[in-house]
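K.L.:
my_file-v5.cif (mmCIF, C-alpha atoms and all ligand atoms) pasted underneath:
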data_query
#
loop_
_atom_site.label_atom_id
_atom_site.label_comp_id
_atom_site.auth_asym_id
_atom_site.auth_seq_id
_atom_site.Cartn_x
_atom_site.Cartn_y
_atom_site.Cartn_z
CA MET A 1 76.01 44.05 127.98
CA SER A 2 75.36 41.47 130.72
CA ASP A 3 78.34 39.97 132.55
CA ASN A 4 77.98 36.58 130.91
CA GLN A 5 78.09 38.07 127.40
CA LYS A 6 81.33 39.92 128.15
CA GLN A 7 84.73 38.52 127.25
CA THR A 8 87.19 37.70 130.01
CA ILE A 9 90.56 39.29 130.74
CA PHE A 10 93.19 37.76 132.97
CA SER A 11 96.61 39.07 133.96
CA GLY A 12 99.12 38.74 136.78
CA VAL A 13 102.11 40.51 138.25
CA GLN A 14 104.79 38.88 140.40
CA PRO A 15 105.43 40.28 143.89
CA SER A 16 109.13 39.63 143.30
CA GLY A 17 110.11 43.13 144.39
CA LYS A 18 108.82 46.65 144.04
CA LEU A 19 106.94 47.59 140.86
CA THR A 20 108.69 49.74 138.28
CA LEU A 21 107.62 52.34 135.78
CA GLY A 22 108.12 49.53 133.19
CA ASN A 23 105.52 47.34 134.89
CA TYR A 24 103.15 50.30 135.00
CA LEU A 25 103.56 51.59 131.43
CA GLY A 26 103.86 48.10 129.91
CA ALA A 27 101.02 46.38 131.73
CA ILE A 28 99.16 47.76 134.77
CA ARG A 29 98.27 51.07 133.13
CA ASN A 30 96.09 49.14 130.70
CA PHE A 31 94.27 47.09 133.34
CA PRO A 32 91.65 49.67 134.46
CA ILE A 33 90.93 50.82 130.89
CA LEU A 34 89.51 47.39 130.17
CA GLN A 35 87.46 46.80 133.30
CA GLU A 36 84.28 48.42 131.98
CA GLU A 37 83.95 46.30 128.83
CA TYR A 38 85.27 42.96 130.07
CA ASN A 39 85.02 40.60 133.02
CA CYS A 40 88.45 41.29 134.48
CA ILE A 41 90.47 39.06 136.78
CA TYR A 42 93.82 40.32 138.10
CA CYS A 43 96.07 38.16 140.22
CA VAL A 44 99.18 38.69 142.36
CA VAL A 45 101.23 35.66 141.29
CA ASP A 46 103.12 34.83 144.48
CA MET A 47 103.63 31.20 143.40
CA HIS A 48 105.58 32.40 140.36
CA ALA A 49 107.70 34.68 142.55
CA ILE A 50 109.20 31.76 144.55
CA THR A 51 110.88 30.38 141.40
CA VAL A 52 113.75 32.64 142.50
CA HIS A 53 114.91 33.14 146.13
CA GLN A 54 112.53 35.30 148.18
CA ASP A 55 112.76 36.48 151.74
CA PRO A 56 109.44 35.27 153.28
CA ALA A 57 108.63 38.50 155.15
CA ALA A 58 109.52 40.61 152.10
CA LEU A 59 107.35 38.42 149.85
CA ARG A 60 104.35 38.84 152.16
CA ARG A 61 104.85 42.61 152.18
CA ALA A 62 105.36 42.81 148.41
CA THR A 63 102.21 40.73 147.79
CA LEU A 64 100.05 43.23 149.71
CA GLU A 65 101.87 46.11 148.05
CA VAL A 66 101.10 44.82 144.53
CA LEU A 67 97.45 44.35 145.52
CA ALA A 68 97.35 47.92 146.90
CA GLN A 69 98.99 49.20 143.70
CA TYR A 70 96.40 47.46 141.54
CA ILE A 71 93.75 49.49 143.37
CA ALA A 72 95.88 52.67 143.41
CA CYS A 73 96.31 52.39 139.61
CA GLY A 74 92.53 52.38 139.17
CA LEU A 75 91.30 48.82 139.52
CA ASP A 76 88.00 48.72 141.37
CA PRO A 77 87.41 45.55 143.47
CA GLU A 78 83.67 46.01 142.83
CA LYS A 79 84.24 45.70 139.07
CA SER A 80 87.29 43.41 138.77
CA ILE A 81 88.24 40.27 140.67
CA LEU A 82 91.51 40.93 142.54
CA PHE A 83 93.15 38.01 144.34
CA ILE A 84 96.34 36.23 145.40
CA GLN A 85 97.33 33.16 143.35
CA SER A 86 98.24 30.89 146.30
CA HIS A 87 94.71 31.40 147.73
CA VAL A 88 93.14 29.48 144.85
CA PRO A 89 94.50 25.89 144.85
CA ALA A 90 93.11 25.18 141.38
CA HIS A 91 96.14 27.00 139.87
CA ALA A 92 98.58 24.39 141.20
CA GLU A 93 96.13 21.57 140.41
CA LEU A 94 95.62 22.53 136.77
CA ALA A 95 99.35 23.23 136.37
CA TRP A 96 100.03 19.57 137.21
CA VAL A 97 97.69 18.32 134.50
CA LEU A 98 99.11 20.80 131.98
CA ASN A 99 102.66 19.67 132.84
CA CYS A 100 101.61 16.37 131.28
CA PHE A 101 100.57 18.22 128.11
CA THR A 102 103.80 20.24 127.79
CA MET A 103 106.83 18.91 125.99
CA PHE A 104 110.26 19.10 127.57
CA GLY A 105 111.68 20.54 124.34
CA GLU A 106 109.22 23.42 124.07
CA ALA A 107 109.72 24.43 127.72
CA SER A 108 113.51 24.33 127.17
CA ARG A 109 113.21 26.95 124.44
CA MET A 110 111.79 29.68 126.70
CA THR A 111 114.17 32.65 126.74
CA GLN A 112 113.04 33.72 130.24
CA PHE A 113 114.09 30.29 131.55
CA LYS A 114 117.45 30.59 129.83
CA ASP A 115 117.99 34.16 131.12
CA LYS A 116 116.91 33.44 134.68
CA SER A 117 118.86 30.19 134.95
CA ALA A 118 121.97 32.02 133.71
CA LYS A 119 121.36 34.73 136.32
CA HIS A 120 120.56 32.44 139.28
CA THR A 121 123.10 29.67 138.70
CA ASP A 122 122.86 28.55 142.35
CA ASN A 123 119.11 27.90 142.04
CA VAL A 124 118.13 26.49 138.65
CA ASN A 125 115.05 24.77 140.06
CA VAL A 126 112.32 22.81 138.27
CA GLY A 127 109.77 25.51 139.19
CA LEU A 128 111.69 27.98 137.04
CA PHE A 129 111.46 25.47 134.21
CA THR A 130 107.69 24.88 134.53
CA TYR A 131 106.95 28.58 135.22
CA PRO A 132 105.16 28.97 131.84
CA VAL A 133 102.97 25.95 132.58
CA LEU A 134 101.71 27.54 135.80
CA MET A 135 101.14 30.75 133.83
CA ALA A 136 99.13 28.77 131.26
CA ALA A 137 97.06 27.31 134.11
CA ASP A 138 96.39 30.84 135.44
CA ILE A 139 95.05 31.95 132.09
CA LEU A 140 93.16 28.83 131.00
CA LEU A 141 91.36 28.30 134.34
CA TYR A 142 89.34 31.47 133.72
CA GLN A 143 88.75 30.76 130.00
CA ALA A 144 90.38 34.15 129.37
CA ASN A 145 90.06 35.71 125.90
CA LEU A 146 92.63 38.48 126.39
CA VAL A 147 95.82 38.71 128.44
CA PRO A 148 97.33 42.23 128.80
CA VAL A 149 101.12 41.91 129.28
CA GLY A 150 104.37 43.57 128.17
CA VAL A 151 106.04 42.23 124.99
CA ASP A 152 108.63 40.32 127.06
CA GLN A 153 105.81 37.85 127.84
CA SER A 154 104.86 37.07 124.23
CA GLN A 155 106.70 33.73 124.21
CA HIS A 156 104.80 32.66 127.34
CA ILE A 157 101.49 33.55 125.70
CA GLU A 158 102.48 31.46 122.67
CA ILE A 159 103.32 28.38 124.75
CA CYS A 160 100.03 28.81 126.64
CA ARG A 161 98.19 28.73 123.31
CA ASP A 162 100.18 25.66 122.21
CA ILE A 163 99.33 23.83 125.44
CA ALA A 164 95.63 24.79 125.13
CA ALA A 165 95.55 23.62 121.51
CA ARG A 166 97.20 20.32 122.38
CA PHE A 167 94.75 19.68 125.22
CA ASN A 168 91.74 20.72 123.11
CA ASN A 169 92.94 18.44 120.34
CA THR A 170 92.66 15.41 122.64
CA HIS A 171 89.69 16.78 124.61
CA PRO A 172 87.73 19.13 122.30
CA GLY A 173 85.99 22.20 123.68
CA THR A 174 87.87 22.42 126.98
CA PHE A 175 89.75 25.73 126.86
CA THR A 176 89.11 29.12 125.29
CA MET A 177 92.09 30.14 123.12
CA PRO A 178 93.61 33.28 124.72
CA THR A 179 95.26 36.18 122.87
CA GLY A 180 97.97 38.51 124.19
CA TYR A 181 97.07 42.19 124.44
CA PHE A 182 100.33 44.11 124.00
CA PRO A 183 100.91 47.87 124.05
CA LYS A 184 101.94 49.22 120.65
CA ALA A 185 105.65 49.83 119.97
CA GLY A 186 106.61 53.16 121.54
CA GLU A 187 103.56 53.10 123.82
CA GLY A 188 105.08 51.27 126.76
CA ALA A 189 105.60 47.91 125.03
CA LYS A 190 109.14 47.83 126.35
CA VAL A 191 110.48 50.46 128.72
CA MET A 192 114.28 50.32 128.82
CA SER A 193 116.73 50.72 131.70
CA LEU A 194 117.78 54.35 132.34
CA ALA A 195 121.33 53.17 133.02
CA ASP A 196 121.62 50.80 130.04
CA PRO A 197 119.04 51.41 127.30
CA ALA A 198 119.91 48.07 125.67
CA LYS A 199 118.26 46.24 128.61
CA LYS A 200 114.62 46.28 129.69
CA MET A 201 113.82 48.19 132.87
CA SER A 202 113.63 45.48 135.52
CA LYS A 203 113.01 45.58 139.24
CA SER A 204 115.65 42.90 139.75
CA ASP A 205 118.41 45.06 138.14
CA GLU A 206 121.38 45.38 140.50
CA ASN A 207 121.92 49.01 139.35
CA GLU A 208 119.13 50.97 141.01
CA ASN A 209 119.70 53.97 138.74
CA GLY A 210 118.31 51.83 135.92
CA PHE A 211 114.73 51.65 137.21
CA ILE A 212 112.09 54.00 138.57
CA LEU A 213 109.90 52.44 141.26
CA LEU A 214 106.25 53.43 141.58
CA MET A 215 107.04 54.18 145.24
CA ASP A 216 110.21 56.25 144.59
CA LYS A 217 110.29 59.69 146.22
CA PRO A 218 110.23 62.72 143.85
CA GLU A 219 113.89 63.57 144.58
CA ASP A 220 114.98 60.02 143.67
CA ILE A 221 112.99 60.14 140.43
CA MET A 222 114.57 63.48 139.50
CA ARG A 223 118.09 62.23 140.31
CA LYS A 224 117.67 59.04 138.24
CA PHE A 225 116.36 60.93 135.19
CA LYS A 226 119.12 63.54 135.41
CA ARG A 227 121.67 60.70 135.34
CA ALA A 228 119.92 58.74 132.58
CA VAL A 229 122.28 57.52 129.85
CA THR A 230 121.81 59.39 126.53
CA ASP A 231 124.41 60.02 123.84
CA SER A 232 126.85 62.65 122.61
CA ASP A 233 124.51 64.04 119.94
CA ALA A 234 122.25 66.31 121.98
CA ARG A 235 119.23 66.39 119.62
CA ILE A 236 115.92 65.23 121.10
CA VAL A 237 114.54 63.01 118.35
CA MET A 238 113.09 59.52 118.26
CA ASP A 239 115.59 57.04 116.78
CA PRO A 240 115.59 53.76 118.73
CA GLN A 241 118.53 52.32 116.74
CA GLU A 242 120.96 55.23 116.90
CA LYS A 243 119.67 56.99 120.04
CA PRO A 244 118.13 54.30 122.28
CA GLY A 245 118.53 56.26 125.54
CA VAL A 246 116.87 59.45 124.25
CA SER A 247 114.17 57.45 122.46
CA ASN A 248 113.32 55.67 125.71
CA LEU A 249 113.03 59.04 127.52
CA ILE A 250 110.84 60.44 124.72
CA GLN A 251 108.54 57.43 125.01
CA ILE A 252 108.29 57.86 128.80
CA TYR A 253 107.67 61.62 128.54
CA ALA A 254 105.01 61.16 125.84
CA LEU A 255 103.16 58.53 127.90
CA ALA A 256 103.41 60.55 131.12
CA THR A 257 102.08 63.76 129.54
CA GLY A 258 99.68 62.31 126.96
CA LYS A 259 101.59 64.07 124.14
CA THR A 260 102.51 62.45 120.83
CA VAL A 261 106.14 61.79 119.95
CA ALA A 262 105.98 64.54 117.27
CA GLU A 263 104.71 67.03 119.87
CA VAL A 264 107.55 66.12 122.22
CA GLU A 265 110.16 66.51 119.47
CA ALA A 266 108.67 69.90 118.52
CA GLU A 267 108.66 71.05 122.15
CA PHE A 268 112.40 70.40 122.48
CA VAL A 269 113.71 71.56 119.09
CA GLY A 270 116.93 73.51 119.68
CA ARG A 271 117.00 72.58 123.38
CA GLY A 272 119.39 70.13 125.03
CA TYR A 273 119.38 67.39 127.64
CA GLY A 274 119.75 69.98 130.42
CA ASP A 275 116.13 70.99 129.73
CA PHE A 276 114.80 67.65 128.59
CA LYS A 277 115.87 65.26 131.37
CA PRO A 278 114.40 67.31 134.27
CA ALA A 279 111.19 67.75 132.24
CA VAL A 280 110.85 63.97 131.93
CA GLY A 281 111.56 63.61 135.66
CA GLU A 282 108.89 66.16 136.59
CA ALA A 283 106.30 64.54 134.31
CA VAL A 284 106.96 61.15 135.89
CA VAL A 285 106.83 62.60 139.43
CA GLU A 286 103.35 63.98 138.65
CA LEU A 287 102.24 60.72 136.96
CA LEU A 288 103.27 58.63 139.95
CA ARG A 289 102.38 60.99 142.81
CA PRO A 290 98.68 59.97 143.14
CA ILE A 291 99.57 56.28 142.77
CA ARG A 292 102.20 56.45 145.51
CA GLU A 293 99.96 58.42 147.89
CA ARG A 294 96.99 56.11 147.37
CA THR A 295 99.20 53.02 147.82
CA GLU A 296 100.56 54.40 151.10
CA ASP A 297 96.99 54.99 152.37
CA LEU A 298 95.83 51.53 151.34
CA LEU A 299 98.80 49.84 153.01
CA LYS A 300 97.74 51.46 156.29
CA ASN A 301 94.35 49.78 155.92
CA LYS A 302 95.20 46.07 156.11
CA ASP A 303 91.60 45.12 157.00
CA TYR A 304 90.35 46.55 153.74
CA LEU A 305 93.05 44.76 151.73
CA GLU A 306 92.19 41.50 153.51
CA GLN A 307 88.54 41.95 152.62
CA VAL A 308 89.46 42.58 148.96
CA TYR A 309 91.69 39.52 148.58
CA THR A 310 89.35 37.25 150.57
CA GLU A 311 86.31 38.12 148.47
CA GLY A 312 88.44 38.05 145.32
CA ALA A 313 89.68 34.51 146.06
CA GLN A 314 86.12 33.29 146.68
CA LYS A 315 84.92 34.60 143.33
CA ALA A 316 88.02 33.37 141.48
CA ALA A 317 87.83 29.92 143.10
CA TYR A 318 84.24 29.48 141.92
CA VAL A 319 85.14 30.10 138.26
CA ALA A 320 88.40 28.13 138.48
CA ARG A 321 86.70 25.09 140.05
CA LYS A 322 84.31 24.77 137.13
CA THR A 323 87.18 24.54 134.64
CA LEU A 324 89.20 22.21 136.86
CA ASP A 325 86.22 19.83 137.31
CA LYS A 326 85.80 19.72 133.54
CA VAL A 327 89.52 18.99 133.01
CA TYR A 328 89.58 16.27 135.69
CA ARG A 329 86.54 14.60 134.09
CA LYS A 330 88.08 14.78 130.61
CA VAL A 331 91.41 13.26 131.64
CA GLY A 332 89.62 10.40 133.44
CA PHE A 333 89.89 11.17 137.16
CA VAL A 334 87.12 9.57 139.29
CA LYS A 335 84.67 12.20 140.56
CA ARG A 336 85.25 12.84 144.26
P1 LIG B 1 111.42 40.42 137.16
O1 LIG B 1 112.23 41.65 136.85
O2 LIG B 1 111.36 40.06 138.62
O3 LIG B 1 111.64 39.27 136.25
P2 LIG B 1 109.24 41.57 135.72
O4 LIG B 1 109.06 42.97 136.16
O5 LIG B 1 109.83 41.28 134.40
O6 LIG B 1 109.93 40.81 136.90
P3 LIG B 1 106.47 40.97 136.31
O7 LIG B 1 106.49 41.76 137.55
O8 LIG B 1 105.79 39.69 136.47
O9 LIG B 1 107.90 40.72 135.72
O10 LIG B 1 105.84 41.80 135.14
C1 LIG B 1 104.58 42.34 135.22
C2 LIG B 1 104.18 42.94 133.89
O11 LIG B 1 105.01 44.05 133.57
C3 LIG B 1 104.31 41.95 132.72
O12 LIG B 1 103.17 42.08 131.90
C4 LIG B 1 105.54 42.41 131.98
O13 LIG B 1 105.45 42.11 130.61
C5 LIG B 1 105.50 43.91 132.23
N1 LIG B 1 106.84 44.50 132.18
C6 LIG B 1 107.88 44.21 132.99
N2 LIG B 1 108.95 44.99 132.69
C7 LIG B 1 108.59 45.77 131.64
C8 LIG B 1 109.26 46.80 130.85
N3 LIG B 1 110.50 47.15 131.12
N4 LIG B 1 108.56 47.38 129.86
C9 LIG B 1 107.28 47.05 129.60
N5 LIG B 1 106.59 46.10 130.30
C10 LIG B 1 107.21 45.46 131.31
N1 LIG B 2 104.98 35.81 133.80
C1 LIG B 2 104.25 37.02 133.97
C2 LIG B 2 103.42 37.06 135.22
C3 LIG B 2 102.24 36.15 135.08
C4 LIG B 2 101.12 36.34 134.24
C5 LIG B 2 100.27 35.22 134.44
C6 LIG B 2 100.77 37.33 133.32
C7 LIG B 2 102.05 34.99 135.74
N2 LIG B 2 100.85 34.42 135.38
C8 LIG B 2 99.09 35.08 133.73
C9 LIG B 2 99.57 37.18 132.61
C10 LIG B 2 98.75 36.05 132.83
C11 LIG B 2 105.23 38.16 133.97
O1 LIG B 2 104.82 39.21 133.69
N3 LIG B 2 106.47 38.00 134.31
#
Represent the supplied structure as structure tokens.
Ligand code: ATP
Ligand code: LTN
P.N.:
Amino acid sequence: MSDNQKQTIFSGVQPSGKLTLGNYLGAIRNFPILQEEYNCIYCVVDMHAITVHQDPAALRRATLEVLAQYIACGLDPEKSILFIQSHVPAHAELAWVLNCFTMFGEASRMTQFKDKSAKHTDNVNVGLFTYPVLMAADILLYQANLVPVGVDQSQHIEICRDIAARFNNTHPGTFTMPTGYFPKAGEGAKVMSLADPAKKMSKSDENENGFILLMDKPEDIMRKFKRAVTDSDARIVMDPQEKPGVSNLIQIYALATGKTVAEVEAEFVGRGYGDFKPAVGEAVVELLRPIRERTEDLLKNKDYLEQVYTEGAQKAAYVARKTLDKVYRKVGFVKR
């Protein structure tokens, strides 16, 4: 299939800290699988990250680290466009126009806005409020058909579709209607905290025993899994309602080893957590080892990373400009 017959995929990850096993199993793991059949565009969304406080030096480092991890997880800069959001000004430009097509009420209903404004009470800024509008601009600029994300982003995909529909209603034929591409339940859709299985695993969790980082050392991974919260009934069976901690570990082990849930349950019949938790730890150590080593190598080669993001931004800017020109014309801006 030629490139212009292929459908387009767009996704982004925030450099708001170090990436977790949740980010990997819920989203990034799926990115390389799709790069053969689609035109793929993957972005490091640094502009989204500053909706909460960031240390400037740490943000710069984390941005390069996410880019390196994209490549370490299997994205090939020759096949996919990899770039940094702030390098393509069309994102901010389209976001402004889309702000004027987004209703205050619908933005107020976003649960991520409610959660993050409750968590960062000293910094409930307008950027946090219009976060989903910038995300809609990211997606719509590239006329993306599919957007691979974790289920926690489903509300943001819905509002993006609502904004696109509203704009297309006034100005027909402007944007392609995107669809979310979510992992199936139990296949990484939502990886839970190891310390509190009622919460999603999040890199901004204050309890560092709750998350596994892609860059964690093997001994840290083993320690965190050995301490993972389970329950008093020591059977190793999938039951997300009654046994959320064990079910989360079963999901992680199944994904890390390529086994089905039934195979995992069979493997541990009659055995307890003393066998199971270290087995999950070891499987995750082996899953992450090549990613961590490749990321470390790439981070030593800043010239290569610079070449990747520079070429990526050029290619992305070309596609984005075409959409932005069309939008500017449709809303009535004078051609410059
Ligand atoms: P923060 O914790 O700073 O809010 P985040 O990790 O939720 O950040 P991103 O880094 O932008 O947010 O997420 C990148 C991708 O990882 C998104 O597609 C998101 O849906 C997915 N993701 C994040 N956490 C999980 C999780 N625990 N399980 C499955 N997918 C996840
Ligand atoms: N909000 C997303 C990150 C993100 C994104 C995007 C994902 C920003 N822009 C465009 C897909 C497409 C998150 O995962 N927290």
K.L.:
How would you write, as number ranges by chain, the set of residues no farther than 9 Å from ligand LIG 1 (chain B) when counting only C-alpha atoms and all ligand atoms?
P.N.:
A: 11-28, 44-45, 48-49, 52, 112, 116, 147-154, 182-183, 188-193, 199-205, 211
K.L.:
Determine the nearest neighbour of A:Val66 from the options A:Glu78, A:Glu296, A:Glu187, A:Glu158, counting all atoms listed in the file.
P.N.:
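With all atoms listed in the file as the atom set, the closest residue is A:Glu296.
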K.L.:
Would you kindly return, as number ranges by chain, each protein, DNA or RNA residue with an atom no farther than 7 Å from any atom of A:Gly245, considering all atoms listed in the file and excluding same-chain residues fewer than 3 positions away?
P.N.:
A: 197, 229-230, 248-249
K.L.:
Write out as a PyMOL selection string each polymer residue whose atoms come within 12 Å of A:Leu134, counting only C-alpha atoms; drop sequence neighbours fewer than 5 positions from it.
P.N.:
chain A and resi 12+45-49+51+85-86+89-99+102+107+126-129+139-141+156-157+159-160+163
K.L.:
Using Å and a single decimal, report how far atom CA of A:Lys335 sits from atom CA of A:Met103.
P.N.:
27.4 Å
K.L.:
Would you pick out the contacts of stretch 251-264 of chain A at 10 Å or less, using only C-alpha atoms, so that residues sharing its chain but fewer than 4 positions from it are not included, and give the list as a count of residues only?
P.N.:
30
K.L.:
By how many Å are atom CA of A:Gln143 and atom CA of A:Arg109 apart?
P.N.:
25.4 Å
K.L.:
Is there a way to get, as a list of chain:residue names, all residues within 10 Å of the point (100.3, 52.1, 149.8) in file coordinates, counting only C-alpha atoms?
P.N.:
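Applying the cut-off with only C-alpha atoms, one gets A:Leu64, A:Glu65, A:Val66, A:Leu67, A:Ala68, A:Gln69, A:Ile71, A:Ala72, A:Met215, A:Ile291, A:Arg292, A:Glu293, A:Arg294, A:Thr295, A:Glu296, A:Asp297, A:Leu298, A:Leu299, A:Lys300, A:Asn301.
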K.L.:
Identify, on the basis of only C-alpha atoms, every residue whose closest approach to A:Pro178 does not exceed 7 Å; exclude the query and any residue fewer than 2 positions from it along the same chain; express the result as an MDAnalysis selection string.
P.N.:
chainID A and resid 144:147 161 176 180
K.L.:
Set up a box along x, y and z of the file covering all listed atoms of ligand LIG 2 (chain B), add 8 Å on every one of the six sides, and write the centre and edge lengths in Å to one decimal, as lines of an AutoDock Vina configuration file.
P.N.:
center_x = 102.6
center_y = 36.8
center_z = 134.2
size_x = 23.7
size_y = 20.8
size_z = 19.1
K.L.:
Point out the residue among A:Asp162, A:Ser80, A:Ala62, A:Asn4 with the least atom-to-atom distance to A:Glu106, counting all atoms listed in the file.
P.N.:
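Looking only at the distances to A:Glu106, the closest residue turns out to be A:Asp162.
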